[in-house]
Structures are given as structure tokens and as C-alpha cells.
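Visitor: Structure: run28.cif, mmCIF, C-alpha atoms.
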```
data_run
loop_
_atom_site.label_atom_id
_atom_site.label_comp_id
_atom_site.auth_asym_id
_atom_site.auth_seq_id
_atom_site.Cartn_x
_atom_site.Cartn_y
_atom_site.Cartn_z
CA MET A 1 8.49 -11.64 9.01
CA ARG A 2 7.31 -9.78 12.07
CA ASP A 3 4.36 -8.98 14.30
CA ILE A 4 2.47 -5.71 13.94
CA LEU A 5 1.84 -4.70 17.53
CA PRO A 6 -1.19 -2.70 18.75
CA GLU A 7 0.79 0.55 18.93
CA ASP A 8 1.62 0.30 15.21
CA GLN A 9 -1.91 -0.51 14.06
CA LYS A 10 -2.83 3.19 13.97
CA TYR A 11 -0.39 3.75 11.09
CA PHE A 12 -2.03 1.04 8.99
CA ARG A 13 -5.53 2.35 9.81
CA HIS A 14 -4.47 5.88 8.88
CA ILE A 15 -2.95 4.88 5.53
CA LEU A 16 -5.94 2.72 4.58
CA LYS A 17 -8.43 5.40 5.58
CA LYS A 18 -6.70 8.03 3.43
CA SER A 19 -6.29 5.68 0.48
CA ASP A 20 -9.91 4.49 0.65
CA GLN A 21 -11.13 8.09 0.57
CA LEU A 22 -9.04 8.91 -2.51
CA LEU A 23 -9.51 5.70 -4.49
CA ASP A 24 -13.25 5.53 -3.79
CA TYR A 25 -13.64 9.08 -5.12
CA TYR A 26 -11.80 8.15 -8.33
CA GLY A 27 -13.96 5.09 -8.91
CA PHE A 28 -11.72 2.23 -7.78
CA GLU A 29 -13.62 -0.77 -6.39
CA ARG A 30 -12.15 -3.09 -3.77
CA ILE A 31 -11.13 -6.62 -4.73
CA ASP A 32 -9.59 -9.30 -2.49
CA THR A 33 -7.69 -12.21 -4.02
CA PRO A 34 -6.23 -15.30 -2.28
CA MET A 35 -2.80 -15.17 -0.69
CA VAL A 36 -2.09 -18.54 -2.33
CA GLU A 37 -2.14 -18.96 -6.12
CA SER A 38 -0.85 -21.43 -8.67
CA VAL A 39 2.91 -21.18 -9.23
CA ASP A 40 2.17 -21.15 -12.96
CA LEU A 41 0.37 -17.81 -12.63
CA PHE A 42 3.59 -16.12 -11.50
CA LEU A 43 5.77 -18.04 -13.94
CA ARG A 44 3.70 -16.64 -16.80
CA SER A 45 3.38 -13.12 -15.41
CA ALA A 46 6.65 -12.31 -13.63
CA GLY A 47 8.78 -14.38 -15.98
CA GLU A 48 11.00 -17.40 -15.28
CA THR A 49 14.18 -15.32 -15.18
CA SER A 50 12.86 -12.60 -12.86
CA ASP A 51 14.38 -12.30 -9.39
CA ILE A 52 10.98 -13.21 -7.95
CA MET A 53 10.87 -16.61 -9.65
CA GLU A 54 14.57 -17.41 -9.38
CA LYS A 55 15.18 -16.44 -5.74
CA GLU A 56 12.21 -15.00 -3.86
CA ILE A 57 9.00 -16.97 -4.33
CA TYR A 58 7.66 -19.20 -1.55
CA THR A 59 6.31 -22.42 -3.06
CA ILE A 60 4.09 -25.13 -1.58
CA LYS A 61 3.51 -28.69 -2.76
CA THR A 62 0.07 -29.87 -1.66
CA LYS A 63 -0.83 -33.44 -0.70
CA GLY A 64 -2.65 -33.66 -4.01
CA GLY A 65 0.48 -32.69 -5.92
CA ASP A 66 -0.50 -29.11 -6.82
CA ALA A 67 2.30 -26.53 -7.06
CA LEU A 68 1.16 -23.40 -5.23
CA ALA A 69 2.87 -20.18 -4.18
CA LEU A 70 2.40 -17.44 -1.63
CA ARG A 71 1.67 -14.38 -3.73
CA PRO A 72 4.78 -12.19 -4.22
CA GLU A 73 2.77 -9.31 -5.73
CA GLY A 74 -0.87 -8.39 -6.32
CA THR A 75 -1.31 -7.58 -10.02
CA ALA A 76 -1.19 -11.15 -11.35
CA GLY A 77 -3.94 -12.29 -8.96
CA VAL A 78 -6.14 -9.31 -9.84
CA VAL A 79 -5.74 -10.05 -13.56
CA ARG A 80 -6.53 -13.74 -12.99
CA ALA A 81 -9.69 -12.75 -11.10
CA TYR A 82 -10.64 -10.33 -13.89
CA ILE A 83 -10.39 -13.14 -16.47
CA GLU A 84 -11.95 -15.97 -14.44
CA ASN A 85 -14.92 -13.91 -13.24
CA GLY A 86 -15.85 -12.57 -16.66
CA MET A 87 -15.17 -8.97 -15.70
CA ASN A 88 -14.44 -8.22 -19.36
CA VAL A 89 -18.21 -7.71 -19.87
CA ARG A 90 -18.29 -4.83 -17.39
CA PRO A 91 -18.12 -1.21 -18.55
CA HIS A 92 -14.47 -0.31 -19.11
CA PRO A 93 -12.16 0.78 -17.75
CA VAL A 94 -12.52 -1.56 -14.78
CA LYS A 95 -10.80 0.14 -11.84
CA LEU A 96 -9.82 -2.11 -8.94
CA SER A 97 -7.94 -1.57 -5.67
CA TYR A 98 -6.63 -4.05 -3.13
CA TRP A 99 -4.42 -4.35 -0.08
CA GLY A 100 -2.96 -7.18 1.93
CA PRO A 101 0.16 -9.22 2.72
CA MET A 102 2.62 -10.33 0.03
CA PHE A 103 5.55 -12.73 0.48
CA ARG A 104 9.09 -12.81 -0.90
CA HIS A 105 12.09 -14.77 0.31
CA ASP A 106 14.17 -11.63 0.14
CA GLN A 107 17.13 -10.39 2.16
CA PRO A 108 15.54 -8.67 5.20
CA GLN A 109 16.69 -5.10 5.77
CA HIS A 110 15.37 -1.71 6.87
CA GLY A 111 11.82 -1.42 5.52
CA ARG A 112 12.03 -4.75 3.72
CA TYR A 113 10.34 -7.83 5.14
CA ARG A 114 9.58 -11.31 3.86
CA GLN A 115 5.92 -10.76 4.67
CA PHE A 116 5.13 -7.22 3.62
CA TYR A 117 1.96 -5.26 2.92
CA GLN A 118 0.92 -3.62 -0.32
CA LEU A 119 -1.87 -1.33 -1.42
CA GLY A 120 -2.57 -1.47 -5.14
CA ALA A 121 -4.60 0.26 -7.84
CA GLU A 122 -5.22 -1.20 -11.30
CA THR A 123 -7.02 0.31 -14.32
CA ILE A 124 -7.98 -2.33 -16.89
CA GLY A 125 -9.27 -1.73 -20.41
CA ASP A 126 -7.92 1.67 -21.44
CA SER A 127 -4.71 2.36 -23.37
CA SER A 128 -4.97 6.14 -23.06
CA GLU A 129 -2.03 8.16 -21.77
CA ALA A 130 -4.53 9.79 -19.41
CA VAL A 131 -4.77 6.51 -17.45
CA ASP A 132 -1.01 6.40 -16.82
CA ALA A 133 -1.07 10.05 -15.79
CA GLU A 134 -4.09 9.61 -13.51
CA LEU A 135 -2.46 6.69 -11.70
CA ILE A 136 0.74 8.67 -11.17
CA PHE A 137 -1.29 11.68 -10.02
CA LEU A 138 -3.18 9.51 -7.51
CA GLY A 139 0.09 8.17 -6.10
CA HIS A 140 1.41 11.73 -5.77
CA LYS A 141 -1.82 12.92 -4.18
CA LEU A 142 -1.94 10.02 -1.71
CA LEU A 143 1.58 10.74 -0.50
CA ASP A 144 0.62 14.39 -0.16
CA MET A 145 -2.47 13.46 1.89
CA LEU A 146 -0.21 11.43 4.18
CA GLY A 147 2.09 14.41 4.67
CA LEU A 148 4.98 12.86 2.68
CA ASP A 149 5.98 15.61 0.26
CA ASN A 150 9.63 14.62 -0.18
CA TYR A 151 9.09 12.10 -2.99
CA ASN A 152 9.51 12.53 -6.75
CA VAL A 153 8.24 10.39 -9.59
CA HIS A 154 11.05 8.73 -11.53
CA ILE A 155 9.61 7.81 -14.92
CA ASN A 156 10.74 6.04 -18.07
CA SER A 157 9.29 4.26 -21.10
CA LEU A 158 10.42 0.73 -22.00
CA GLY A 159 8.67 0.80 -25.36
CA ASP A 160 6.69 -2.19 -26.59
CA SER A 161 7.16 -5.22 -28.82
CA SER A 162 7.55 -3.04 -31.91
CA CYS A 163 10.54 -1.05 -30.67
CA ARG A 164 11.95 -2.84 -27.62
CA PRO A 165 13.79 -5.57 -29.63
CA GLY A 166 16.02 -2.89 -31.17
CA TYR A 167 16.84 -1.56 -27.73
CA ILE A 168 17.53 -5.04 -26.33
CA LYS A 169 19.97 -5.70 -29.20
CA ALA A 170 21.80 -2.41 -28.58
CA LEU A 171 21.97 -3.20 -24.87
CA LYS A 172 23.40 -6.67 -25.52
CA ASP A 173 26.02 -5.27 -27.88
CA TYR A 174 27.01 -2.69 -25.27
CA TYR A 175 27.30 -5.14 -22.39
CA LYS A 176 29.08 -7.89 -24.32
CA LEU A 177 32.07 -5.60 -24.65
CA ARG A 178 32.03 -4.92 -20.91
CA SER A 179 31.04 -8.32 -19.50
CA ARG A 180 34.30 -8.70 -17.55
CA LYS A 181 33.32 -5.80 -15.32
CA LEU A 182 29.97 -7.32 -14.38
CA CYS A 183 29.14 -9.17 -11.17
CA PHE A 184 28.35 -12.89 -11.24
CA ASN A 185 24.56 -12.37 -11.27
CA CYS A 186 24.71 -9.84 -14.09
CA LYS A 187 26.81 -12.17 -16.22
CA ASN A 188 23.90 -14.62 -15.99
CA ARG A 189 21.33 -11.88 -16.60
CA LEU A 190 23.22 -10.96 -19.78
CA LYS A 191 21.85 -14.19 -21.24
CA THR A 192 18.42 -14.28 -19.61
CA ASN A 193 17.11 -10.86 -18.48
CA ILE A 194 19.35 -8.09 -19.71
CA LEU A 195 17.15 -5.19 -18.57
CA ARG A 196 17.89 -6.13 -14.96
CA LEU A 197 21.54 -5.17 -15.52
CA LEU A 198 20.47 -1.53 -15.40
CA ASP A 199 19.14 -2.01 -11.88
CA CYS A 200 22.08 -3.90 -10.33
CA LYS A 201 23.25 -2.50 -6.97
CA GLU A 202 26.90 -3.58 -7.34
CA ALA A 203 29.21 -0.57 -7.72
CA ASP A 204 31.01 -1.84 -10.86
CA CYS A 205 27.73 -2.73 -12.57
CA ALA A 206 26.24 0.64 -11.67
CA GLU A 207 29.25 2.38 -13.20
CA VAL A 208 28.92 0.40 -16.43
CA ALA A 209 25.18 1.16 -16.59
CA LYS A 210 25.80 4.92 -16.64
CA GLU A 211 26.88 4.85 -20.30
CA ALA A 212 24.44 2.16 -21.45
CA PRO A 213 21.99 2.92 -24.29
CA GLN A 214 18.81 4.66 -23.16
CA THR A 215 15.35 3.30 -23.90
CA VAL A 216 13.94 6.67 -25.01
CA ASP A 217 16.40 6.76 -27.93
CA PHE A 218 14.83 3.60 -29.37
CA LEU A 219 11.13 4.39 -29.00
CA ASP A 220 9.07 4.34 -32.19
CA ASP A 221 6.76 7.26 -33.01
CA GLU A 222 3.74 5.73 -31.28
CA CYS A 223 5.55 4.94 -28.02
CA LYS A 224 7.32 8.30 -28.11
CA SER A 225 4.00 10.11 -28.53
CA HIS A 226 2.44 8.08 -25.70
CA PHE A 227 5.28 8.98 -23.34
CA LYS A 228 5.28 12.65 -24.37
CA HIS A 229 1.56 13.00 -23.67
CA ILE A 230 1.94 11.46 -20.21
CA LEU A 231 4.56 14.06 -19.34
CA GLU A 232 2.27 16.81 -20.62
CA PHE A 233 -0.51 15.55 -18.35
CA LEU A 234 1.89 15.57 -15.40
CA ASP A 235 3.04 19.08 -16.26
CA GLU A 236 -0.57 20.27 -16.27
CA ALA A 237 -1.25 18.55 -12.94
CA LYS A 238 1.98 20.01 -11.46
CA VAL A 239 3.32 16.60 -10.46
CA PRO A 240 7.13 16.76 -10.03
CA TYR A 241 8.93 14.08 -12.02
CA ILE A 242 12.41 13.04 -13.02
CA LEU A 243 13.18 11.42 -16.38
CA ASN A 244 15.20 8.36 -15.41
CA PRO A 245 16.44 6.54 -18.53
CA ARG A 246 17.90 3.71 -16.40
CA LEU A 247 14.65 2.88 -14.65
CA VAL A 248 13.40 -0.66 -15.24
CA ARG A 249 11.05 -2.84 -13.24
CA GLY A 250 11.68 -6.33 -11.93
CA LEU A 251 8.68 -7.95 -13.63
CA ASP A 252 8.59 -9.04 -17.27
CA TYR A 253 5.03 -7.90 -17.96
CA TYR A 254 5.65 -4.15 -18.14
CA THR A 255 5.31 -2.29 -21.45
CA ARG A 256 5.86 1.39 -22.16
CA THR A 257 5.44 3.42 -18.96
CA VAL A 258 7.30 2.48 -15.78
CA PHE A 259 7.61 4.69 -12.71
CA GLU A 260 8.71 4.75 -9.08
CA PHE A 261 8.19 7.26 -6.27
CA LEU A 262 11.59 7.76 -4.66
CA PRO A 263 12.81 10.05 -1.87
CA ASP A 264 14.04 13.40 -3.11
CA ASP A 265 17.83 13.14 -3.30
CA PRO A 266 19.78 16.35 -3.96
CA SER A 267 22.71 14.30 -5.28
CA THR A 268 20.69 13.18 -8.30
CA HIS A 269 19.84 16.65 -9.59
CA SER A 270 20.64 20.28 -9.02
CA THR A 271 17.19 21.42 -7.92
CA LYS A 272 13.95 19.75 -7.00
CA PRO A 273 11.56 19.66 -9.97
CA GLN A 274 8.89 22.32 -9.77
CA GLY A 275 5.50 22.14 -11.44
CA GLY A 276 6.32 18.96 -13.30
CA GLU A 277 9.46 20.22 -15.01
CA PRO A 278 11.56 17.22 -16.07
CA VAL A 279 15.09 16.99 -14.71
CA GLU A 280 17.59 14.54 -16.15
CA SER A 281 18.57 12.10 -13.41
CA THR A 282 22.19 11.12 -12.97
CA SER A 283 21.08 8.09 -10.99
CA SER A 284 21.30 4.76 -12.76
CA GLY A 285 18.15 3.61 -11.10
CA GLN A 286 20.02 2.07 -8.22
CA GLY A 287 18.12 1.94 -5.00
CA GLY A 288 14.75 2.03 -6.71
CA SER A 289 13.84 -1.36 -5.34
CA GLN A 290 15.39 -0.38 -2.01
CA SER A 291 13.64 2.93 -1.34
CA ALA A 292 10.64 3.23 -3.66
CA VAL A 293 7.35 3.63 -1.80
CA ILE A 294 5.12 3.36 -4.89
CA ALA A 295 6.03 1.61 -8.14
CA GLY A 296 4.16 0.52 -11.24
CA GLY A 297 3.54 1.01 -14.91
CA ARG A 298 1.64 -0.19 -17.95
CA TYR A 299 1.15 -3.91 -18.74
CA ASP A 300 -0.80 -4.13 -21.99
CA LYS A 301 0.21 -7.75 -22.74
CA LEU A 302 -0.40 -9.40 -19.37
CA ILE A 303 -4.12 -10.19 -19.67
CA GLU A 304 -3.56 -11.83 -23.04
CA MET A 305 -0.55 -13.74 -21.62
CA LEU A 306 -2.77 -15.17 -18.87
CA GLY A 307 -5.48 -16.38 -21.26
CA GLY A 308 -7.76 -13.36 -21.62
CA SER A 309 -8.49 -11.27 -24.68
CA LYS A 310 -6.08 -8.51 -25.67
CA THR A 311 -6.72 -5.80 -23.07
CA PRO A 312 -4.55 -2.83 -22.08
CA ALA A 313 -3.97 -2.11 -18.40
CA ALA A 314 -1.84 -0.13 -15.97
CA GLY A 315 -1.41 0.07 -12.22
CA TRP A 316 0.80 0.58 -9.19
CA ALA A 317 1.48 -0.83 -5.75
CA MET A 318 2.40 1.03 -2.57
CA GLY A 319 4.66 -0.50 0.07
CA ILE A 320 2.70 0.15 3.26
CA ASP A 321 5.58 -0.93 5.52
CA ARG A 322 7.84 1.72 4.01
CA ILE A 323 5.16 4.37 4.34
CA VAL A 324 4.82 3.50 8.03
CA LEU A 325 8.59 3.90 8.47
CA ALA A 326 8.53 7.23 6.63
CA LEU A 327 5.73 8.50 8.90
CA LYS A 328 7.67 7.42 11.98
CA GLU A 329 10.85 9.10 10.75
CA LYS A 330 8.91 12.34 10.31
CA ASN A 331 7.42 11.97 13.80
CA ALA A 332 4.03 12.40 12.15
CA ASN A 333 1.12 12.95 14.50
CA ILE A 334 -1.09 10.01 13.57
CA PRO A 335 -4.54 9.71 15.16
CA ASP A 336 -5.23 6.27 16.57
CA GLY A 337 -8.44 6.13 14.52
CA LEU A 338 -10.44 4.77 17.43
CA SER A 339 -13.54 6.38 18.90
CA LYS A 340 -12.99 8.02 22.29
CA PRO A 341 -15.15 6.53 25.08
CA LYS A 342 -17.65 8.83 26.80
CA VAL A 343 -18.65 6.46 29.59
CA PHE A 344 -16.84 4.06 31.90
CA LEU A 345 -18.86 1.36 33.64
CA VAL A 346 -17.59 0.62 37.17
CA GLN A 347 -18.88 -2.74 38.43
CA LEU A 348 -18.66 -4.00 42.01
CA GLY A 349 -19.74 -7.50 43.08
CA GLU A 350 -20.83 -10.59 41.17
CA GLY A 351 -24.48 -9.60 40.83
CA ALA A 352 -23.60 -6.24 39.28
CA LYS A 353 -21.06 -7.81 36.94
CA ARG A 354 -23.61 -10.30 35.62
CA LYS A 355 -26.14 -7.56 34.89
CA SER A 356 -23.45 -5.29 33.42
CA ILE A 357 -23.07 -7.42 30.29
CA ASN A 358 -26.55 -6.47 29.01
CA LEU A 359 -26.13 -2.88 30.20
CA TYR A 360 -22.86 -2.54 28.29
CA GLU A 361 -24.56 -3.90 25.17
CA SER A 362 -27.34 -1.29 25.56
CA PHE A 363 -24.73 1.46 25.21
CA ARG A 364 -23.31 -0.17 22.08
CA LYS A 365 -26.76 -0.36 20.46
CA ALA A 366 -27.34 3.29 21.32
CA GLY A 367 -24.09 4.30 19.60
CA ILE A 368 -22.43 5.47 22.82
CA GLU A 369 -18.77 4.55 23.21
CA ALA A 370 -18.26 2.92 26.60
CA LYS A 371 -15.44 1.09 28.34
CA SER A 372 -15.25 -1.17 31.37
CA SER A 373 -12.87 -3.42 33.27
CA ILE A 374 -15.10 -6.28 34.28
CA GLY A 375 -12.41 -8.30 36.06
CA ARG A 376 -11.47 -5.62 38.59
CA ASP A 377 -13.11 -5.32 42.04
CA SER A 378 -11.57 -2.10 43.35
CA ILE A 379 -13.58 1.07 42.74
CA LYS A 380 -10.40 3.15 43.01
CA SER A 381 -8.57 1.20 40.31
CA GLN A 382 -11.57 1.37 37.98
CA LEU A 383 -12.03 5.12 38.49
CA ARG A 384 -8.30 5.54 37.85
CA ILE A 385 -8.75 3.84 34.46
CA ALA A 386 -11.79 6.04 33.72
CA ASN A 387 -9.74 9.13 34.50
CA ARG A 388 -6.88 7.98 32.26
CA LEU A 389 -9.30 7.39 29.37
CA GLY A 390 -10.66 10.91 29.80
CA VAL A 391 -14.33 9.84 29.91
CA ARG A 392 -17.05 12.35 30.73
CA PHE A 393 -19.07 10.02 32.97
CA ALA A 394 -18.43 7.06 35.24
CA LEU A 395 -21.35 4.78 36.05
CA ILE A 396 -20.97 3.00 39.39
CA PHE A 397 -22.96 -0.23 39.56
CA GLY A 398 -22.67 -2.23 42.79
CA GLN A 399 -24.60 -4.95 44.59
CA LYS A 400 -27.05 -2.47 46.16
CA GLU A 401 -27.74 -0.76 42.81
CA ALA A 402 -28.24 -4.16 41.13
CA LEU A 403 -30.91 -5.05 43.71
CA ASP A 404 -32.55 -1.60 43.60
CA GLY A 405 -32.53 -1.31 39.80
CA THR A 406 -30.51 1.93 39.95
CA ILE A 407 -27.04 3.14 38.97
CA ILE A 408 -24.82 6.00 40.20
CA LEU A 409 -23.86 8.57 37.56
CA ARG A 410 -20.62 10.39 38.39
CA GLU A 411 -19.38 13.45 36.46
CA MET A 412 -15.65 12.95 36.24
CA ASP A 413 -14.78 16.64 36.00
CA THR A 414 -16.67 17.73 39.13
CA GLY A 415 -17.04 14.50 41.07
CA VAL A 416 -20.78 15.19 41.45
CA GLN A 417 -22.81 11.98 41.75
CA GLU A 418 -26.52 11.18 41.52
CA THR A 419 -28.59 8.02 41.45
CA ILE A 420 -30.53 7.27 38.24
CA PRO A 421 -33.07 4.47 37.55
CA LEU A 422 -31.29 1.78 35.54
CA GLU A 423 -33.85 1.75 32.71
CA LYS A 424 -33.35 5.49 32.14
CA ILE A 425 -29.56 5.65 32.20
CA VAL A 426 -28.97 5.28 28.43
CA ASP A 427 -31.42 8.11 27.61
CA GLU A 428 -29.93 10.25 30.38
CA ILE A 429 -26.40 9.83 29.00
CA LYS A 430 -27.66 10.64 25.49
CA LYS A 431 -29.32 13.82 26.77
CA ARG A 432 -26.21 15.00 28.58
CA LEU A 433 -23.88 14.24 25.70
CA LYS A 434 -26.02 16.39 23.38
CA LYS A 435 -25.30 19.38 25.63
CA GLU A 436 -21.54 19.07 25.02
#
```
Let's see the structure in the file written out as C-alpha cells.
Guide:
Amino acid sequence: MRDILPEDQKYFRHILKKSDQLLDYYGFERIDTPMVESVDLFLRSAGETSDIMEKEIYTIKTKGGDALALRPEGTAGVVRAYIENGMNVRPHPVKLSYWGPMFRHDQPQHGRYRQFYQLGAETIGDSSEAVDAELIFLGHKLLDMLGLDNYNVHINSLGDSSCRPGYIKALKDYYKLRSRKLCFNCKNRLKTNILRLLDCKEADCAEVAKEAPQTVDFLDDECKSHFKHILEFLDEAKVPYILNPRLVRGLDYYTRTVFEFLPDDPSTHSTKPQGGEPVESTSSGQGGSQSAVIAGGRYDKLIEMLGGSKTPAAGWAMGIDRIVLALKEKNANIPDGLSKPKVFLVQLGEGAKRKSINLYESFRKAGIEAKSSIGRDSIKSQLRIANRLGVRFALIFGQKEALDGTIILREMDTGVQETIPLEKIVDEIKKRLKKE
């Protein structure tokens, strides 16, 4: 876990501003859920054998005996809120967005923290392929708006309960014959969560995964049609994508579509996809959890699993920390997002400082950005700050001016000064700023 210092805040403001503009336009409403939830919520959603539940979740035992957890991801909390607050009576689809800190007791590394920040978008109540495609398009468009054009969508379909059992059986048969080559963790996953074998980072496991059965070969007609239509939507929208038959997600609730936005890697294909043309990936999905900046998919069973009525849904989450690193690596010119001050209030003497508090507030109410340094006594040091801030005007307010009810207006560019009645200074500044 780490501190986010003032100089890094501009990156977070920039990302949130761009995402708010896009998601607001596409009808996503903001929702905030607690950082602490019942452990049972994540047991039922992520699955007991997921890496999150086995190794990464932070749990808390309260004085009253309740088992709580710091949220490791955002979707489960959003779905719980949807069910508990009766949002099923709203017009569907219900489109929700969120952002905030998540927590996983993970191995810290570059771009990976135990307290990390996610931005998420969820569409609840629509099983249409258009929803999956729209979510992927929004992720692509958001990265484009941030100036990050070196990411491709890796996409796969896991099927659903009608066709996935056949794939799971084929996968088990394949791996049983090769279990000696697997790492210790994967030997355990062979019994509990076999899909995770496809995503193992160990070299021997990755090699074995290359020849493993592919999910797309086991899809029934309905799942195949669903996946095909998503790709057609992406083709039409000119979103580059890579068919990645090894791609799985680390949470048990996904059905059908899964996707990740990964850095473009020339070693995985001969040319970068153009206009949505699919390119067969030679990657086995390794590194997805290490370098993906956006990841998500469809979860049609989750709401029912958590006690709601049968409701389809899909969504994604963006790793804000990784986006910040990507922007830094590109040396992106990020505005600080703060309003530039027009006025600096120079105060000299106790009497002037006392009266300056109300004067400063008058500028705020008038919508004029002003700065001051109320603890300093030197006029030179205060004017030096005003010059560094690049303000248009400095207002010099000393003991004499406080007694006379006046203030000195100084134009910083020319150094020209004049005395103005104190009650007229706000209107005078407004008038001069309009001439800019």
C-alpha cells in the first residue's frame, strides 16, 4: 500500500474526468458501495477456490463476531446493492459506474499494489450481444481519450452451463495425462479450479497450456452465435481485437464473454489488428493479470447466485494505478485540473490579516480564483509567490489600507499600482478580467 502524493493527484483527476464524460454520455449512473462487506458475499461470488478467496482477501472479525472483508473487487458489491435496494423495478438495463480503492493481499510488484484503485462499469438486465460490444467499445474509447492507443482487446467465450461442462471434462482429461509437468499450485487447481491452469505464469504450465483444448471448440450453437455477433459489432466499430482461446478470468461468476485490454505485443502476432480483424494469438493468456488495464465480461448467473431473480449482466473494471503508470511512461502532458488563480492577496500586519479572511471569501463567492499566503510578513516573499503563480493582479493590503478602507491593486506585468476603495475591489477585478 502506498501514499498518493499531491504531484500524482492530477493523473487521477484526469482519468476520472475523462471517464465521467464518457460514461455519463452513455447513461451510466454513479454508485458508491462500502469498502467493507460480508465475507460471504465474496465466497458466493468469487468462489471458494479462486485465488482471491484462497490467498488474497483481507478479512476482519468484529467484536460482535461478524466476518467481514475489505472488498477485493467492485462487481459483487454493486450486485448486492442492486438486489438490496430493489433496483430490479427500475427500467432496464440499469447502467452503473463506480470507482474507489480495492484490497488484495497480493505480491506487490510494478503497477500492482495491495490497496489499488478501480473504475468500473456494469450493465444489468440485458443479455444482448450489443451490451458486451458496447462495454468493450467504451473501454477502447476511454483508452483512446487518454492517449493510450497501444492496447488490444483479447477476447474469448467461456460458454455457459449448457456447454461448459463438456469443455471442463475435456480439459481435465487433457491435464490428467500431463499432471507431472504442472507446478504445485496447478496440481491443486486440477481438482478445484481447472480453468485457472490456463492462466498459470510458470513456464512449464504455460507450455502445457499451449496445446490444451480451446473453449470455442465446445460452444453450443447459442453461445457460438452470441460470440460471433459480438465480434461483428466490434468489426463494425473498428475496435482491434485478438481471439485468445486461453483467456480465462480469475472469478467464478463469468459466463460466455471474457476480455482483457493488454499492451500490444508484436511477439503474439504478426501484425497489429486493423479495423477489428481477428488475429489468432499465440499467447496462452499469460501476463493478462499482470499487464491488463481493463478486464471484464458477462456474468449472467451472479445476481441469481446472490439471492436476486435471474438477471443477465456484464461489466468491466479498469486498473487506475496501471493507467497512471502508462501515462507516466508515455510522458503524457497531463493538466493539473486545477483552476489558475487570477489574484494574489498580499497581507501586511495583524489588522490587515484579520480583515483579509472576509475579503478572500468575497472573491470565492464572486467566482474569482485567488491565492494568498496569510502567514508571511514580507511583501517581497509574497510578491515572489504571486509571480511564480502567474497571477494577473496582486492586491496589497497593509495596516494603513485596513484603517483607510482601501487596497492597492498592482498589475503584475507592468508593475503599475493604484489605490482602490475596498468595497469596490471585487467589481473592479471582475471588470478588468472581462477585458482579457
Visitor: Under the rule that all atoms listed in the file are counted, which of A:Lys400, A:His105, A:Arg189, A:Lys434 is the nearest residue to Glu350 of chain A?
Guide: A:Lys400
Visitor: Expand the PyMOL selection byres ((chain A and resi 423) around 12) into the individual residues it matches in the shown file, reporting them as an MDAnalysis selection string.
Guide: chainID A and resid 358:359 362:363 402 404:407 419:422 424:429
Visitor: Selected by the PyMOL selection byres ((chain A and resi 31) around 6) in the shown coordinates: which residues, as a ChimeraX atom specification?
Guide: /A:30,32,98
Visitor: Set out as JSON lines a contact list for segment 73-164 of chain A and segment 309-312 of chain A with a cut-off of 9 Å, giving each residue of segment 73-164 of chain A that qualifies its closest atom pair and distance in Å to one decimal, counting all atoms listed in the file, ordered by chain and rising residue number.
Guide:
```
{"residue": "A:Ile83", "atom": "CA", "partner": "A:Ser309", "partner_atom": "CA", "distance": 8.6}
{"residue": "A:Asn88", "atom": "CA", "partner": "A:Ser309", "partner_atom": "CA", "distance": 8.5}
{"residue": "A:Thr123", "atom": "CA", "partner": "A:Pro312", "partner_atom": "CA", "distance": 8.7}
{"residue": "A:Ile124", "atom": "CA", "partner": "A:Pro312", "partner_atom": "CA", "distance": 6.2}
{"residue": "A:Gly125", "atom": "CA", "partner": "A:Pro312", "partner_atom": "CA", "distance": 5.1}
{"residue": "A:Asp126", "atom": "CA", "partner": "A:Pro312", "partner_atom": "CA", "distance": 5.7}
{"residue": "A:Ser127", "atom": "CA", "partner": "A:Pro312", "partner_atom": "CA", "distance": 5.4}
```
Visitor: For the file shown, report as a list in words the outcome of the PyMOL selection byres ((chain A and resi 182) around 9) at residue level.
Guide: Tyr175, Arg178, Ser179, Arg180, Lys181, Cys183, Phe184, Asn185, Cys186, Lys187, Leu197, Glu202, Asp204, Cys205 and Val208 of chain A
Visitor: Atom CA of Leu148 of chain A and atom CA of Glu260 of chain A, how far apart in Å?
Guide: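 Computed distance, atom CA of Glu260 of chain A to atom CA of Leu148 of chain A, equals 14.8 Å.
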Visitor: What does the distance between atom CA of Val153 of chain A and atom CA of Leu262 of chain A come to in Å, to one decimal place?
Guide: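 Straight-line distance from atom CA of Val153 of chain A to atom CA of Leu262 of chain A works out to 6.5 Å.
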